[in-house]
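Just work16.cif here, mmCIF, C-alpha atoms and all ligand atoms:
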```
data_entry
loop_
_atom_site.group_PDB
_atom_site.id
_atom_site.type_symbol
_atom_site.label_atom_id
_atom_site.label_comp_id
_atom_site.auth_asym_id
_atom_site.auth_seq_id
_atom_site.Cartn_x
_atom_site.Cartn_y
_atom_site.Cartn_z
ATOM 1 C CA MET A 1 -55.445 -65.300 -147.464
ATOM 2 C CA LYS A 2 -53.205 -65.191 -150.517
ATOM 3 C CA ARG A 3 -50.037 -63.118 -150.284
ATOM 4 C CA PHE A 4 -48.520 -62.045 -153.620
ATOM 5 C CA ASP A 5 -45.673 -59.763 -154.554
ATOM 6 C CA SER A 6 -46.041 -60.114 -158.295
ATOM 7 C CA ILE A 7 -48.361 -57.958 -160.387
ATOM 8 C CA ASP A 8 -49.291 -60.816 -162.742
ATOM 9 C CA GLU A 9 -50.545 -63.015 -159.908
ATOM 10 C CA VAL A 10 -52.603 -60.170 -158.465
ATOM 11 C CA ARG A 11 -54.131 -59.346 -161.835
ATOM 12 C CA ALA A 12 -54.992 -62.983 -162.572
ATOM 13 C CA LEU A 13 -56.758 -63.599 -159.243
ATOM 14 C CA ILE A 14 -58.717 -60.346 -159.336
ATOM 15 C CA ALA A 15 -59.752 -60.977 -162.948
ATOM 16 C CA GLU A 16 -61.046 -64.398 -161.850
ATOM 17 C CA TRP A 17 -63.143 -62.780 -159.128
ATOM 18 C CA HIS A 18 -64.539 -60.211 -161.545
ATOM 19 C CA GLU A 19 -65.333 -62.870 -164.171
ATOM 20 C CA ALA A 20 -67.312 -64.749 -161.519
ATOM 21 C CA GLY A 21 -69.361 -61.588 -160.928
ATOM 22 C CA GLY A 22 -67.652 -60.583 -157.676
ATOM 23 C CA THR A 23 -66.740 -57.060 -156.643
ATOM 24 C CA VAL A 24 -63.388 -56.022 -155.207
ATOM 25 C CA ALA A 25 -62.360 -53.433 -152.618
ATOM 26 C CA LEU A 26 -58.752 -52.255 -152.284
ATOM 27 C CA VAL A 27 -57.230 -50.796 -149.116
ATOM 28 C CA PRO A 28 -53.840 -49.239 -149.982
ATOM 29 C CA THR A 29 -51.525 -49.012 -146.952
ATOM 30 C CA MET A 30 -47.872 -48.657 -146.047
ATOM 31 C CA GLY A 31 -48.212 -51.388 -143.413
ATOM 32 C CA ASN A 32 -47.405 -51.316 -139.694
ATOM 33 C CA LEU A 33 -51.122 -51.814 -139.320
ATOM 34 C CA HIS A 34 -53.105 -50.486 -136.367
ATOM 35 C CA LYS A 35 -56.782 -50.271 -135.433
ATOM 36 C CA GLY A 36 -57.284 -47.407 -137.872
ATOM 37 C CA HIS A 37 -56.207 -49.574 -140.818
ATOM 38 C CA MET A 38 -58.396 -52.418 -139.584
ATOM 39 C CA SER A 39 -61.414 -50.097 -139.665
ATOM 40 C CA LEU A 40 -60.622 -49.474 -143.358
ATOM 41 C CA VAL A 41 -60.491 -53.234 -143.902
ATOM 42 C CA ALA A 42 -63.878 -53.664 -142.175
ATOM 43 C CA ARG A 43 -65.332 -50.901 -144.338
ATOM 44 C CA ALA A 44 -63.894 -52.561 -147.458
ATOM 45 C CA ALA A 45 -65.537 -55.858 -146.485
ATOM 46 C CA GLY A 46 -68.871 -54.045 -146.258
ATOM 47 C CA GLU A 47 -68.356 -52.469 -149.696
ATOM 48 C CA ALA A 48 -67.382 -55.464 -151.854
ATOM 49 C CA ASP A 49 -67.231 -59.274 -152.073
ATOM 50 C CA HIS A 50 -63.421 -59.495 -151.983
ATOM 51 C CA VAL A 51 -60.940 -57.435 -149.984
ATOM 52 C CA VAL A 52 -57.413 -56.717 -151.208
ATOM 53 C CA VAL A 53 -54.916 -54.887 -148.990
ATOM 54 C CA SER A 54 -51.674 -53.537 -150.392
ATOM 55 C CA ILE A 55 -48.637 -52.920 -148.220
ATOM 56 C CA PHE A 56 -45.962 -50.843 -149.874
ATOM 57 C CA VAL A 57 -43.730 -48.265 -148.222
ATOM 58 C CA ASN A 58 -43.593 -45.953 -151.192
ATOM 59 C CA PRO A 59 -40.221 -44.203 -151.458
ATOM 60 C CA THR A 60 -41.446 -41.473 -153.795
ATOM 61 C CA GLN A 61 -43.760 -39.887 -151.225
ATOM 62 C CA PHE A 62 -41.001 -39.325 -148.647
ATOM 63 C CA GLY A 63 -38.912 -36.166 -148.730
ATOM 64 C CA PRO A 64 -35.093 -36.362 -148.550
ATOM 65 C CA ASN A 65 -35.050 -35.673 -144.780
ATOM 66 C CA GLU A 66 -38.054 -37.806 -143.920
ATOM 67 C CA ASP A 67 -38.319 -41.238 -142.318
ATOM 68 C CA TYR A 68 -38.377 -43.575 -145.367
ATOM 69 C CA GLU A 69 -35.493 -45.738 -144.126
ATOM 70 C CA ASP A 70 -36.803 -45.823 -140.537
ATOM 71 C CA TYR A 71 -40.480 -46.193 -141.419
ATOM 72 C CA PRO A 72 -41.743 -49.126 -139.301
ATOM 73 C CA ARG A 73 -42.008 -52.325 -141.362
ATOM 74 C CA SER A 74 -43.802 -55.335 -139.893
ATOM 75 C CA LEU A 75 -44.941 -57.385 -142.874
ATOM 76 C CA ASP A 76 -45.290 -60.773 -141.164
ATOM 77 C CA ALA A 77 -47.289 -59.421 -138.203
ATOM 78 C CA ASP A 78 -49.422 -57.345 -140.605
ATOM 79 C CA SER A 79 -50.012 -60.393 -142.759
ATOM 80 C CA ARG A 80 -51.239 -62.448 -139.781
ATOM 81 C CA ARG A 81 -53.552 -59.655 -138.696
ATOM 82 C CA LEU A 82 -55.050 -59.292 -142.174
ATOM 83 C CA SER A 83 -55.515 -63.021 -142.532
ATOM 84 C CA GLN A 84 -57.366 -63.158 -139.187
ATOM 85 C CA ALA A 85 -59.567 -60.274 -140.353
ATOM 86 C CA GLY A 86 -60.681 -62.310 -143.377
ATOM 87 C CA VAL A 87 -58.805 -60.365 -146.057
ATOM 88 C CA ASP A 88 -58.656 -62.326 -149.336
ATOM 89 C CA LEU A 89 -55.414 -61.009 -150.807
ATOM 90 C CA LEU A 90 -52.362 -59.167 -149.551
ATOM 91 C CA PHE A 91 -50.326 -57.486 -152.280
ATOM 92 C CA ALA A 92 -46.875 -56.646 -150.902
ATOM 93 C CA PRO A 93 -44.667 -55.693 -153.846
ATOM 94 C CA SER A 94 -40.997 -54.757 -153.730
ATOM 95 C CA VAL A 95 -39.733 -51.348 -154.842
ATOM 96 C CA GLU A 96 -38.352 -53.071 -157.983
ATOM 97 C CA THR A 97 -41.788 -54.473 -158.808
ATOM 98 C CA MET A 98 -43.448 -51.089 -158.528
ATOM 99 C CA TYR A 99 -40.645 -49.090 -160.176
ATOM 100 C CA PRO A 100 -38.757 -51.540 -162.427
ATOM 101 C CA ASP A 101 -36.632 -48.831 -164.064
ATOM 102 C CA GLY A 102 -36.080 -46.885 -160.841
ATOM 103 C CA ALA A 103 -38.419 -44.618 -158.912
ATOM 104 C CA ASP A 104 -36.595 -41.454 -160.002
ATOM 105 C CA VAL A 105 -37.255 -42.019 -163.719
ATOM 106 C CA ALA A 106 -40.788 -43.406 -163.412
ATOM 107 C CA THR A 107 -43.830 -41.712 -164.922
ATOM 108 C CA THR A 108 -45.640 -39.537 -162.391
ATOM 109 C CA VAL A 109 -49.186 -38.330 -161.875
ATOM 110 C CA ASN A 110 -49.641 -34.822 -160.525
ATOM 111 C CA VAL A 111 -52.824 -33.123 -159.352
ATOM 112 C CA PRO A 112 -51.933 -29.433 -159.619
ATOM 113 C CA GLY A 113 -53.186 -26.833 -157.160
ATOM 114 C CA LEU A 114 -54.611 -29.083 -154.463
ATOM 115 C CA SER A 115 -51.236 -30.830 -154.113
ATOM 116 C CA ASP A 116 -49.362 -27.584 -153.543
ATOM 117 C CA VAL A 117 -51.181 -26.191 -150.498
ATOM 118 C CA LEU A 118 -51.157 -27.097 -146.768
ATOM 119 C CA GLU A 119 -49.366 -30.470 -146.576
ATOM 120 C CA GLY A 120 -48.013 -29.852 -150.073
ATOM 121 C CA GLU A 121 -46.354 -26.622 -148.970
ATOM 122 C CA HIS A 122 -44.593 -28.371 -146.090
ATOM 123 C CA ARG A 123 -43.829 -31.617 -147.929
ATOM 124 C CA PRO A 124 -42.945 -30.655 -151.520
ATOM 125 C CA GLY A 125 -43.392 -33.584 -153.912
ATOM 126 C CA HIS A 126 -45.210 -35.706 -151.325
ATOM 127 C CA PHE A 127 -48.568 -35.787 -153.061
ATOM 128 C CA GLU A 128 -47.061 -36.472 -156.470
ATOM 129 C CA GLY A 129 -45.537 -39.574 -154.875
ATOM 130 C CA VAL A 130 -48.907 -40.551 -153.419
ATOM 131 C CA THR A 131 -50.949 -40.012 -156.587
ATOM 132 C CA SER A 132 -48.346 -41.778 -158.713
ATOM 133 C CA VAL A 133 -48.314 -44.889 -156.539
ATOM 134 C CA VAL A 134 -52.071 -44.997 -155.935
ATOM 135 C CA CYS A 135 -52.699 -44.684 -159.671
ATOM 136 C CA ARG A 136 -50.399 -47.704 -160.220
ATOM 137 C CA LEU A 137 -52.089 -49.690 -157.437
ATOM 138 C CA LEU A 138 -55.528 -48.954 -158.911
ATOM 139 C CA ASN A 139 -54.337 -50.026 -162.361
ATOM 140 C CA ILE A 140 -52.836 -53.226 -160.984
ATOM 141 C CA CYS A 141 -55.761 -54.222 -158.745
ATOM 142 C CA ASN A 142 -58.624 -52.820 -160.816
ATOM 143 C CA PRO A 143 -60.880 -52.517 -157.749
ATOM 144 C CA ASP A 144 -64.519 -51.432 -157.837
ATOM 145 C CA VAL A 145 -63.931 -49.397 -154.698
ATOM 146 C CA ALA A 146 -60.866 -48.171 -152.818
ATOM 147 C CA VAL A 147 -60.924 -47.214 -149.142
ATOM 148 C CA PHE A 148 -58.774 -44.498 -147.517
ATOM 149 C CA GLY A 149 -58.585 -42.920 -144.073
ATOM 150 C CA GLN A 150 -60.123 -39.535 -143.388
ATOM 151 C CA LYS A 151 -57.093 -38.709 -141.248
ATOM 152 C CA ASP A 152 -55.255 -37.958 -144.497
ATOM 153 C CA TYR A 153 -58.025 -35.615 -145.569
ATOM 154 C CA GLN A 154 -56.070 -33.684 -148.179
ATOM 155 C CA GLN A 155 -54.704 -36.914 -149.640
ATOM 156 C CA PHE A 156 -58.251 -38.170 -150.091
ATOM 157 C CA ALA A 157 -59.394 -34.920 -151.738
ATOM 158 C CA ILE A 158 -56.460 -35.130 -154.166
ATOM 159 C CA LEU A 159 -57.056 -38.806 -154.958
ATOM 160 C CA LYS A 160 -60.738 -38.091 -155.662
ATOM 161 C CA ARG A 161 -59.697 -35.349 -158.065
ATOM 162 C CA MET A 162 -57.176 -37.655 -159.740
ATOM 163 C CA ALA A 163 -59.763 -40.418 -160.181
ATOM 164 C CA ALA A 164 -62.304 -37.977 -161.611
ATOM 165 C CA ASP A 165 -59.813 -36.235 -163.937
ATOM 166 C CA LEU A 166 -58.340 -39.502 -165.252
ATOM 167 C CA GLN A 167 -61.774 -41.158 -165.567
ATOM 168 C CA LEU A 168 -60.645 -44.041 -163.389
ATOM 169 C CA PRO A 169 -63.482 -46.575 -163.074
ATOM 170 C CA VAL A 170 -63.321 -46.807 -159.290
ATOM 171 C CA ARG A 171 -65.293 -45.371 -156.389
ATOM 172 C CA LEU A 172 -63.177 -43.876 -153.602
ATOM 173 C CA VAL A 173 -64.517 -43.846 -150.055
ATOM 174 C CA ALA A 174 -63.121 -42.346 -146.845
ATOM 175 C CA GLU A 175 -63.512 -43.963 -143.453
ATOM 176 C CA PRO A 176 -63.619 -41.750 -140.314
ATOM 177 C CA THR A 177 -60.457 -41.457 -138.207
ATOM 178 C CA GLU A 178 -59.945 -43.964 -135.392
ATOM 179 C CA ARG A 179 -58.754 -42.298 -132.179
ATOM 180 C CA GLU A 180 -57.065 -43.381 -128.992
ATOM 181 C CA GLN A 181 -59.216 -42.967 -125.876
ATOM 182 C CA ASN A 182 -57.471 -39.642 -125.245
ATOM 183 C CA GLY A 183 -58.485 -38.365 -128.701
ATOM 184 C CA LEU A 184 -55.118 -38.738 -130.467
ATOM 185 C CA ALA A 185 -55.671 -39.801 -134.082
ATOM 186 C CA MET A 186 -54.234 -43.272 -134.688
ATOM 187 C CA SER A 187 -51.163 -43.229 -136.898
ATOM 188 C CA SER A 188 -48.226 -45.512 -137.611
ATOM 189 C CA ARG A 189 -45.994 -42.643 -136.522
ATOM 190 C CA ASN A 190 -47.532 -42.509 -132.987
ATOM 191 C CA GLY A 191 -45.159 -45.366 -132.178
ATOM 192 C CA TYR A 192 -42.325 -42.801 -132.289
ATOM 193 C CA LEU A 193 -43.904 -40.970 -129.295
ATOM 194 C CA ASP A 194 -43.262 -41.887 -125.665
ATOM 195 C CA ASP A 195 -46.138 -41.884 -123.143
ATOM 196 C CA ASP A 196 -45.661 -38.246 -122.133
ATOM 197 C CA GLN A 197 -45.491 -37.131 -125.749
ATOM 198 C CA GLN A 198 -48.672 -39.092 -126.570
ATOM 199 C CA GLN A 199 -50.390 -37.134 -123.803
ATOM 200 C CA THR A 200 -48.971 -33.817 -125.062
ATOM 201 C CA ALA A 201 -50.161 -34.653 -128.582
ATOM 202 C CA THR A 202 -53.783 -34.744 -127.421
ATOM 203 C CA ALA A 203 -53.649 -30.921 -127.627
ATOM 204 C CA ILE A 204 -54.023 -31.302 -131.401
ATOM 205 C CA TYR A 205 -57.486 -32.847 -131.285
ATOM 206 C CA LYS A 206 -58.543 -30.619 -128.362
ATOM 207 C CA SER A 207 -57.672 -27.522 -130.418
ATOM 208 C CA LEU A 208 -59.636 -28.826 -133.395
ATOM 209 C CA GLN A 209 -62.602 -29.480 -131.109
ATOM 210 C CA GLN A 210 -62.315 -25.969 -129.674
ATOM 211 C CA ALA A 211 -62.408 -24.490 -133.198
ATOM 212 C CA GLN A 212 -65.399 -26.717 -133.978
ATOM 213 C CA THR A 213 -67.271 -25.495 -130.878
ATOM 214 C CA GLU A 214 -66.645 -21.867 -131.788
ATOM 215 C CA LEU A 215 -67.740 -22.386 -135.392
ATOM 216 C CA LEU A 216 -70.924 -24.099 -134.199
ATOM 217 C CA ASP A 217 -71.477 -21.152 -131.821
ATOM 218 C CA GLY A 218 -71.412 -18.788 -134.811
ATOM 219 C CA ALA A 219 -67.791 -17.569 -135.006
ATOM 220 C CA ARG A 220 -66.822 -16.792 -138.628
ATOM 221 C CA ASP A 221 -63.487 -15.000 -138.272
ATOM 222 C CA TYR A 222 -61.570 -17.961 -139.721
ATOM 223 C CA PRO A 223 -58.057 -16.446 -139.483
ATOM 224 C CA GLU A 224 -58.667 -15.616 -135.812
ATOM 225 C CA LEU A 225 -59.928 -19.162 -135.095
ATOM 226 C CA GLU A 226 -56.860 -20.578 -136.860
ATOM 227 C CA ARG A 227 -54.544 -18.357 -134.814
ATOM 228 C CA ALA A 228 -56.252 -19.367 -131.551
ATOM 229 C CA ALA A 229 -55.968 -23.092 -132.377
ATOM 230 C CA GLU A 230 -52.286 -22.693 -133.322
ATOM 231 C CA ALA A 231 -51.655 -20.833 -130.054
ATOM 232 C CA SER A 232 -53.193 -23.595 -127.937
ATOM 233 C CA ILE A 233 -51.220 -26.298 -129.796
ATOM 234 C CA LYS A 234 -48.057 -24.271 -129.186
ATOM 235 C CA ALA A 235 -48.909 -23.666 -125.515
ATOM 236 C CA ALA A 236 -49.103 -27.448 -125.041
ATOM 237 C CA GLY A 237 -45.491 -27.806 -126.202
ATOM 238 C CA LEU A 238 -45.890 -28.721 -129.896
ATOM 239 C CA SER A 239 -44.751 -26.719 -132.928
ATOM 240 C CA PRO A 240 -47.773 -26.173 -135.162
ATOM 241 C CA GLU A 241 -47.047 -25.908 -138.909
ATOM 242 C CA TYR A 242 -50.542 -24.741 -139.793
ATOM 243 C CA VAL A 243 -54.160 -24.761 -138.757
ATOM 244 C CA ALA A 244 -56.479 -24.122 -141.695
ATOM 245 C CA ILE A 245 -60.252 -23.897 -141.941
ATOM 246 C CA ARG A 246 -61.315 -24.821 -145.455
ATOM 247 C CA GLU A 247 -64.314 -25.932 -147.511
ATOM 248 C CA VAL A 248 -64.674 -29.707 -147.552
ATOM 249 C CA GLY A 249 -64.074 -31.258 -150.958
ATOM 250 C CA ASP A 250 -61.880 -28.722 -152.729
ATOM 251 C CA LEU A 251 -60.178 -27.175 -149.668
ATOM 252 C CA SER A 252 -60.904 -23.668 -150.940
ATOM 253 C CA GLN A 253 -61.134 -20.697 -148.569
ATOM 254 C CA PRO A 254 -64.566 -20.597 -146.924
ATOM 255 C CA GLY A 255 -66.875 -17.591 -147.025
ATOM 256 C CA PRO A 256 -69.238 -16.268 -144.347
ATOM 257 C CA ASP A 257 -72.097 -18.507 -145.577
ATOM 258 C CA SER A 258 -70.093 -21.733 -145.917
ATOM 259 C CA THR A 259 -71.726 -24.699 -144.213
ATOM 260 C CA ASP A 260 -69.378 -27.635 -144.861
ATOM 261 C CA LEU A 261 -65.969 -27.023 -143.375
ATOM 262 C CA VAL A 262 -62.917 -28.989 -142.402
ATOM 263 C CA VAL A 263 -60.339 -27.818 -139.872
ATOM 264 C CA LEU A 264 -56.920 -29.246 -140.731
ATOM 265 C CA THR A 265 -53.662 -29.120 -138.843
ATOM 266 C CA ALA A 266 -50.095 -30.393 -138.806
ATOM 267 C CA ALA A 267 -47.765 -30.063 -135.828
ATOM 268 C CA ARG A 268 -44.348 -31.315 -134.814
ATOM 269 C CA LEU A 269 -43.502 -32.930 -131.521
ATOM 270 C CA GLY A 270 -39.787 -33.664 -131.289
ATOM 271 C CA LYS A 271 -38.879 -35.373 -134.560
ATOM 272 C CA VAL A 272 -42.449 -36.553 -135.155
ATOM 273 C CA ARG A 273 -44.846 -34.789 -137.492
ATOM 274 C CA LEU A 274 -48.533 -35.336 -136.754
ATOM 275 C CA ILE A 275 -51.618 -34.392 -138.788
ATOM 276 C CA ASP A 276 -55.290 -34.363 -137.933
ATOM 277 C CA ASN A 277 -58.564 -32.815 -139.061
ATOM 278 C CA LEU A 278 -62.173 -32.431 -138.087
ATOM 279 C CA ILE A 279 -65.177 -31.948 -140.358
ATOM 280 C CA VAL A 280 -67.592 -29.283 -139.142
ATOM 281 C CA THR A 281 -71.091 -29.112 -140.607
ATOM 282 C CA LEU A 282 -72.861 -25.839 -139.734
HETATM 283 O O1 LIG A 301 -52.075 -43.169 -146.718
HETATM 284 C C1 LIG A 301 -51.127 -43.957 -146.952
HETATM 285 O O2 LIG A 301 -50.826 -44.865 -146.182
HETATM 286 C C2 LIG A 301 -50.322 -43.795 -148.229
HETATM 287 O O3 LIG A 301 -50.179 -42.466 -148.565
HETATM 288 C C3 LIG A 301 -50.904 -44.604 -149.412
HETATM 289 C C4 LIG A 301 -52.297 -44.124 -149.779
HETATM 290 C C5 LIG A 301 -50.946 -46.074 -149.052
HETATM 291 C C6 LIG A 301 -50.013 -44.433 -150.642
HETATM 292 O O4 LIG A 301 -48.725 -44.886 -150.407
#
```
Go through the file and emit its structure as structure tokens.
Ligand code: PAF
Amino acid sequence: MKRFDSIDEVRALIAEWHEAGGTVALVPTMGNLHKGHMSLVARAAGEADHVVVSIFVNPTQFGPNEDYEDYPRSLDADSRRLSQAGVDLLFAPSVETMYPDGADVATTVNVPGLSDVLEGEHRPGHFEGVTSVVCRLLNICNPDVAVFGQKDYQQFAILKRMAADLQLPVRLVAEPTEREQNGLAMSSRNGYLDDDQQQTATAIYKSLQQAQTELLDGARDYPELERAAEASIKAAGLSPEYVAIREVGDLSQPGPDSTDLVVLTAARLGKVRLIDNLIVTL
């Protein structure tokens, strides 16, 4: 596996692959890789001839009181893991490489509307940071396909909209969420939780499953289902920020005849903020 931190080297190698008729899949990550990331890598390998993984802890998507400084960084271990998984190229740029004139004066990409609800309401500016960095990564790597995790459902919906609106010549795919045996969605931030907290956090997925069961049984009072799921997350000892039942794709409010739904939630446990979602097809 090649490991580059310079944009020119990445561009040259990927251009070589394309000239030889190969296709390229990109998996953008912030590192501290776990099984969930590795499932994205496996999906990427099934989608294209060459797999590129980027590791970049992007400062512009963290709020002022969030964990940018403390975000777990494990580049050498990640690099070994990716190499063993058969990844062709690891792009691990510095902040200076990605934002040569400073992140605060860099051009941004904003997807209005979708970026302002749910996660966007609780993390102002977060999605602008995500879309701005992913747009750069796509321009640098020029992949045929880019793979993201379904755990960040709203992020994926926003990135799809960005790619469509900006006519980016790339196909975006989402890979289903990997879960611990107890149902907890895998996340780099789970490492902040002790064993008891990991057990408590399983209430998130259980509440989503409960909402799913009720929807499948015919319940259509969405606000009531959201309230019930929030109450059971709270009863388990977490602080729910929201539970929302929305249309898949554009995250609009569902109607009584909607058939493709997603139940999304965010909850706090101590200083850790966790998100999860479940797609429900009626
Ligand atoms: O999902 C993530 O890990 C990040 O938001 C991403 C897509 C790598 C952009 O920094």
Problem - Using all atoms listed in the file: which of A:Gly102, A:Pro254, A:Gly183, A:Gly113 has the shortest distance to A:Phe127 - result: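 For A:Phe127, the nearest of the given residues is A:Gly113.
If all atoms listed in the file are the atoms counted, then among A:Ser6, A:Gln150, A:Ser252, A:Ser232 the closest residue to ligand LIG 301 (chain A) is A:Gln150.
Rounded to one decimal, atom CA of A:Thr29 and atom CA of A:Asp70 lie 16.4 Å from each other.
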Practice task
Have a look at A:Gly270, A:Gly86, A:Gly125, A:Pro93 and name the one nearest to A:Gly31; count all atoms listed in the file.
Solution key: A:Pro93
Practice task
Please identify every polymer residue within 6 Å of ligand LIG 301 (chain A), using all atoms listed in the file, and present the set as a list in words.
Solution key: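 If we count all atoms listed in the file, the neighbours of ligand LIG 301 (chain A) turn out to be Pro28, Thr29, Met30, Asn58, Val130 and Val134 of chain A.
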Practice task
For the structure shown, which residues end up in the PyMOL selection byres (((chain A and resi 229) around 12) and not hetatm)? Put them as a PyMOL selection string, please?
Solution key: chain A and resi 203-214+222-228+230-236+238-245+263-267
Give me a file of those residues, with C-alpha atoms, as a compact mmCIF listing (two decimals), keeping the file's coordinate frame.
```txt
# COMPACT_ATOMS: atom_id res chain seq x y z
CA ALA A 203 -53.65 -30.92 -127.63
CA ILE A 204 -54.02 -31.30 -131.40
CA TYR A 205 -57.49 -32.85 -131.28
CA LYS A 206 -58.54 -30.62 -128.36
CA SER A 207 -57.67 -27.52 -130.42
CA LEU A 208 -59.64 -28.83 -133.40
CA GLN A 209 -62.60 -29.48 -131.11
CA GLN A 210 -62.32 -25.97 -129.67
CA ALA A 211 -62.41 -24.49 -133.20
CA GLN A 212 -65.40 -26.72 -133.98
CA THR A 213 -67.27 -25.50 -130.88
CA GLU A 214 -66.64 -21.87 -131.79
CA TYR A 222 -61.57 -17.96 -139.72
CA PRO A 223 -58.06 -16.45 -139.48
CA GLU A 224 -58.67 -15.62 -135.81
CA LEU A 225 -59.93 -19.16 -135.10
CA GLU A 226 -56.86 -20.58 -136.86
CA ARG A 227 -54.54 -18.36 -134.81
CA ALA A 228 -56.25 -19.37 -131.55
CA GLU A 230 -52.29 -22.69 -133.32
CA ALA A 231 -51.66 -20.83 -130.05
CA SER A 232 -53.19 -23.60 -127.94
CA ILE A 233 -51.22 -26.30 -129.80
CA LYS A 234 -48.06 -24.27 -129.19
CA ALA A 235 -48.91 -23.67 -125.52
CA ALA A 236 -49.10 -27.45 -125.04
CA LEU A 238 -45.89 -28.72 -129.90
CA SER A 239 -44.75 -26.72 -132.93
CA PRO A 240 -47.77 -26.17 -135.16
CA GLU A 241 -47.05 -25.91 -138.91
CA TYR A 242 -50.54 -24.74 -139.79
CA VAL A 243 -54.16 -24.76 -138.76
CA ALA A 244 -56.48 -24.12 -141.70
CA ILE A 245 -60.25 -23.90 -141.94
CA VAL A 263 -60.34 -27.82 -139.87
CA LEU A 264 -56.92 -29.25 -140.73
CA THR A 265 -53.66 -29.12 -138.84
CA ALA A 266 -50.10 -30.39 -138.81
CA ALA A 267 -47.76 -30.06 -135.83
```
Problem - Hits of the PyMOL selection byres (((chain A and resi 107) around 12) and not hetatm) in this structure, as a ChimeraX atom specification - result: /A:60,98-106,108-110,128-129,131-133,135-136
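Between A:Arg80 and the residues A:Lys2, A:Arg268, A:Arg220, A:Arg123, the shortest atom-to-atom distance, using all atoms listed in the file, involves A:Lys2.
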Exercise for the section: Tell me, in Å to one decimal, how far atom CA of A:Val145 is from atom CA of A:Thr23. Expected result: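 Separating atom CA of A:Val145 from atom CA of A:Thr23 is a distance of 8.4 Å.
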Handout entry: Given all atoms listed in the file as the counted atoms, nearest of A:Val111, A:Val117, A:Leu216, A:Leu13 to A:Asp165
Key = A:Val111
Practice task
Work out how far atom CA of A:Ala45 is from atom CA of A:Leu89, in Å to one decimal.
Solution key: 12.2 Å
Practice task
Pull out every residue that the PyMOL selection byres (((chain A and resi 35) around 12) and not hetatm) matches in the shown coordinates and put them as a list in words.
Solution key: Gly31, Asn32, Leu33, His34, Gly36, His37, Met38, Ser39, Leu40, Val41, Ala42, Asp78, Arg81, Leu82, Ala85, Gly149, Pro176, Thr177, Glu178, Arg179, Glu180, Ala185, Met186, Ser187 and Ser188 of chain A
